[in-house]
>>> print(open('work-v7.cif').read())   # mmCIF, C-alpha atoms
data_my_file
loop_
_atom_site.label_atom_id
_atom_site.label_comp_id
_atom_site.auth_asym_id
_atom_site.auth_seq_id
_atom_site.Cartn_x
_atom_site.Cartn_y
_atom_site.Cartn_z
CA MET A 530 75.91 53.45 224.45
CA ASP A 531 76.47 53.67 220.71
CA GLU A 532 75.51 57.36 220.67
CA LEU A 533 78.45 58.65 222.71
CA PRO A 534 81.72 57.60 220.98
CA LEU A 535 81.60 60.55 218.56
CA LEU A 536 81.04 63.01 221.41
CA ILE A 537 83.85 61.41 223.40
CA SER A 538 86.22 61.46 220.41
CA LEU A 539 85.61 65.19 219.91
CA THR A 540 86.30 66.05 223.55
CA GLY A 541 89.44 68.17 223.78
CA LEU A 542 89.67 68.65 220.03
CA ALA A 543 91.37 71.93 219.16
CA ALA A 544 88.97 73.14 216.47
CA ASP A 545 86.72 76.15 216.13
CA VAL A 546 84.07 74.28 214.12
CA VAL A 547 83.36 70.63 213.44
CA VAL A 548 80.84 69.84 210.73
CA ILE A 549 79.06 66.52 211.02
CA ASP A 550 77.17 65.82 207.82
CA CYS A 551 74.74 62.96 208.16
CA PRO A 552 71.46 61.96 206.59
CA ASN A 553 68.23 61.96 208.51
CA ARG A 554 67.57 58.33 209.27
CA ARG A 555 64.73 58.73 211.72
CA GLY A 556 66.97 58.42 214.73
CA GLY A 557 69.43 55.81 213.45
CA PRO A 558 72.76 55.29 215.24
CA LEU A 559 74.70 57.76 213.08
CA THR A 560 72.11 60.49 213.55
CA LEU A 561 71.82 59.90 217.30
CA SER A 562 75.59 59.98 217.65
CA ALA A 563 75.75 63.24 215.68
CA LEU A 564 72.96 64.86 217.73
CA ASN A 565 74.66 63.88 220.99
CA ALA A 566 77.90 65.46 219.77
CA ALA A 567 76.33 68.60 218.29
CA ASP A 568 75.28 71.91 219.77
CA THR A 569 73.80 73.30 216.54
CA VAL A 570 71.76 71.79 213.72
CA VAL A 571 71.64 73.22 210.20
CA TYR A 572 69.14 71.56 207.90
CA ALA A 573 70.03 71.16 204.23
CA ALA A 574 67.26 71.20 201.65
CA THR A 575 66.51 71.52 197.98
CA ALA A 576 63.66 73.55 196.55
CA THR A 577 61.56 70.45 195.95
CA SER A 578 58.90 68.45 197.75
CA ASP A 579 61.65 65.95 198.65
CA GLY A 580 63.60 68.82 200.22
CA ILE A 581 60.59 69.79 202.32
CA ASP A 582 60.00 66.17 203.35
CA GLY A 583 63.67 65.81 204.31
CA VAL A 584 63.58 68.90 206.52
CA ASP A 585 60.29 67.82 208.08
CA GLY A 586 61.72 64.38 208.86
CA ALA A 587 64.94 65.83 210.25
CA ARG A 588 63.03 68.28 212.44
CA ARG A 589 60.89 65.42 213.78
CA THR A 590 64.07 63.51 214.60
CA VAL A 591 65.50 66.53 216.45
CA ALA A 592 62.23 67.02 218.36
CA GLN A 593 62.18 63.35 219.33
CA PHE A 594 65.83 63.57 220.42
CA ARG A 595 65.02 66.59 222.59
CA ARG A 596 62.00 64.85 224.18
CA HIS A 597 64.17 61.84 224.95
CA ARG A 598 66.85 64.07 226.54
CA GLN A 599 64.19 65.76 228.69
CA GLN A 600 62.77 62.38 229.78
CA LEU A 601 66.27 61.37 230.88
CA GLY A 602 66.72 64.65 232.72
CA ALA A 603 69.71 65.38 230.47
CA PRO A 604 70.50 68.91 229.31
CA ASP A 605 69.07 70.00 225.97
CA THR A 606 71.50 72.47 224.45
CA LEU A 607 70.81 71.71 220.80
CA THR A 608 70.00 74.79 218.70
CA GLU A 609 68.27 74.77 215.32
CA ALA A 610 70.26 77.36 213.36
CA GLY A 611 68.23 77.24 210.17
CA ILE A 612 67.60 75.72 206.78
CA VAL A 613 70.07 76.10 203.92
CA VAL A 614 68.57 75.61 200.46
CA GLY A 615 71.08 74.47 197.89
CA GLY A 616 71.21 73.75 194.19
CA VAL A 617 68.81 76.58 193.38
CA LYS A 618 68.38 77.37 189.70
CA GLU A 619 68.82 81.07 189.10
CA THR A 620 66.86 81.05 185.89
CA ILE A 621 63.07 81.16 185.97
CA MET A 622 62.06 78.79 188.73
CA SER A 623 59.25 76.30 188.39
CA ARG A 624 56.07 76.86 190.37
CA ALA A 625 56.95 73.79 192.43
CA ALA A 626 60.35 75.27 193.36
CA VAL A 627 58.80 78.63 194.28
CA ALA A 628 56.14 76.89 196.39
CA SER A 629 58.82 74.78 198.10
CA LEU A 630 60.86 77.87 198.95
CA GLU A 631 57.75 79.57 200.36
CA GLU A 632 56.97 76.54 202.51
CA LEU A 633 60.54 76.37 203.80
CA ARG A 634 60.54 80.14 204.43
CA ALA A 635 57.33 79.74 206.50
CA THR A 636 59.21 77.60 209.05
CA GLY A 637 60.95 80.72 210.35
CA LEU A 638 64.29 78.92 209.97
CA PHE A 639 65.02 79.91 206.37
CA LEU A 640 68.59 81.12 205.84
CA GLU A 641 69.63 83.35 202.96
CA PRO A 642 71.22 83.63 200.51
CA LEU A 643 70.11 80.63 198.52
CA ILE A 644 72.96 78.41 197.35
CA PRO A 645 73.03 78.62 193.54
CA ASP A 646 73.23 75.60 191.30
CA ARG A 647 76.53 75.54 189.44
CA ALA A 648 77.72 72.76 187.11
CA ILE A 649 81.26 73.08 188.46
CA VAL A 650 80.21 71.74 191.86
CA GLN A 651 79.25 68.39 190.32
CA GLU A 652 82.13 68.40 187.84
CA VAL A 653 84.91 68.77 190.40
CA ARG A 654 83.53 65.99 192.59
CA ILE A 655 84.67 63.53 189.93
CA SER A 656 88.27 64.73 190.29
CA GLY A 657 88.09 65.20 194.05
CA GLU A 658 88.87 68.90 193.75
CA TRP A 659 87.19 71.77 195.55
CA TYR A 660 84.91 74.10 193.59
CA GLY A 661 85.96 77.07 195.72
CA GLN A 662 89.31 77.27 193.98
CA TYR A 663 87.63 78.02 190.66
CA ARG A 664 86.11 81.31 189.53
CA LYS A 665 82.91 79.55 188.44
CA GLY A 666 82.48 78.17 191.94
CA SER A 667 82.89 81.53 193.66
CA ARG A 668 79.13 82.25 193.80
CA VAL A 669 78.55 79.02 195.70
CA LEU A 670 81.48 79.70 198.03
CA ASP A 671 80.26 83.27 198.66
CA ALA A 672 76.75 82.03 199.49
CA TYR A 673 78.02 79.40 201.93
CA THR A 674 80.35 81.97 203.51
CA ALA A 675 77.39 84.30 204.11
CA ILE A 676 75.39 81.44 205.66
CA ALA A 677 78.33 80.48 207.88
CA LYS A 678 78.54 84.03 209.23
CA GLN A 679 74.89 83.77 210.31
CA VAL A 680 75.15 80.31 211.82
CA LEU A 681 78.48 80.31 213.62
CA ARG A 682 78.44 81.76 217.09
#
>>> encode(input="work-v7.cif", output="structure tokens")
Amino acid sequence: MDELPLLISLTGLAADVVVIDCPNRRGGPLTLSALNAADTVVYAATATSDGIDGVDGARRTVAQFRRHRQQLGAPDTLTEAGIVVGGVKETIMSRAAVASLEELRATGLFLEPLIPDRAIVQEVRISGEWYGQYRKGSRVLDAYTAIAKQVLR
């Protein structure tokens, strides 16, 4: 089975948290492997219609994964922890962004605070540095830290 090597490789790992960041590919091998290895799912979104579509697609994939597990008689221990919305402009938001946030909030999975958009996040990617070591990146780091406290059990 192509879905199990990641789970097997993580067995016995001495780590408090392992983050598996993968795109929603409608049940592709990478996603299936990640779901088999995971116990918690956090959806990442932007305040756009594409962000909503991405979360909807990812949630369909998780639901399909769960149905498949149930059909196999396998345990279903996967928890949906919530939706993190990143890259949010803190100036006056467009109507489309506000509507997107409202739609994501209506899922009941909306996590706050919102992750603010900061130029430094994109700028340091070029150099391979981490934005958290810079004062201008502290708002993003603080927001992710607050989200982590809600999600981690």
>>> atom_distance(input="work-v7.cif", atom1="CA of Ile644 (chain A)", atom2="CA of Ile621 (chain A)")
15.3 Å
>>> residues_around(input="work-v7.cif", residues="Gly637 (chain A)", least_positions_apart="3", cutoff="12 Å", atoms="all atoms listed in the file", output="PyMOL selection string")
chain A and resi 609-612+630-634+640-641
>>> resolve_selection(input="work-v7.cif", expression="the PyMOL selection byres ((chain A and resi 561) around 10)", output="ChimeraX atom specification")
/A:531-533,535,553-560,562-567,590-591,594
>>> residues_around(input="work-v7.cif", residues="Ile581 (chain A)", least_positions_apart="4", cutoff="9 Å", atoms="all atoms listed in the file", output="PyMOL selection string")
chain A and resi 574-577+585-586+629-630+632-633
>>> write_last_selection(input="work-v7.cif", atoms="C-alpha atoms", output="PDB file, in the coordinates of the input")
ATOM      1  CA  ALA A 574      67.260  71.200 201.650  1.00  0.00           C
ATOM      2  CA  THR A 575      66.510  71.520 197.980  1.00  0.00           C
ATOM      3  CA  ALA A 576      63.660  73.550 196.550  1.00  0.00           C
ATOM      4  CA  THR A 577      61.560  70.450 195.950  1.00  0.00           C
ATOM      5  CA  ASP A 585      60.290  67.820 208.080  1.00  0.00           C
ATOM      6  CA  GLY A 586      61.720  64.380 208.860  1.00  0.00           C
ATOM      7  CA  SER A 629      58.820  74.780 198.100  1.00  0.00           C
ATOM      8  CA  LEU A 630      60.860  77.870 198.950  1.00  0.00           C
ATOM      9  CA  GLU A 632      56.970  76.540 202.510  1.00  0.00           C
ATOM     10  CA  LEU A 633      60.540  76.370 203.800  1.00  0.00           C
TER      11      LEU A 633
END
>>> residues_around(input="work-v7.cif", residues="Arg668 (chain A)", least_positions_apart="5", cutoff="9 Å", atoms="only C-alpha atoms", output="PyMOL selection string")
chain A and resi 644-645+647+661+673
>>> closest_residue(input="work-v7.cif", among="A:Gln600, A:Thr569, A:Ser656, A:Gln679", to="Phe639 (chain A)", atoms="only C-alpha atoms")
A:Gln679
>>> atom_distance(input="work-v7.cif", atom1="CA of Asp550 (chain A)", atom2="CA of Arg588 (chain A)")
15.1 Å
>>> atom_distance(input="work-v7.cif", atom1="CA of Arg682 (chain A)", atom2="CA of Thr606 (chain A)")
13.7 Å
>>> closest_residue(input="work-v7.cif", among="A:Thr608, A:Gly541, A:Met622, A:Gln593", to="Leu681 (chain A)", atoms="all atoms listed in the file")
A:Thr608
>>> residues_around(input="work-v7.cif", residues="Thr620 (chain A)", least_positions_apart="3", cutoff="10 Å", atoms="all atoms listed in the file", output="list of chain:residue names")
A:Val617, A:Ser623, A:Asp646
>>> axis_aligned_box(input="work-v7.cif", around="region 605-621 of chain A", padding_each_side="3 Å", output="lines of an AutoDock Vina configuration file")
center_x = 67.3
center_y = 75.6
center_z = 205.9
size_x = 14.4
size_y = 17.2
size_z = 46.1
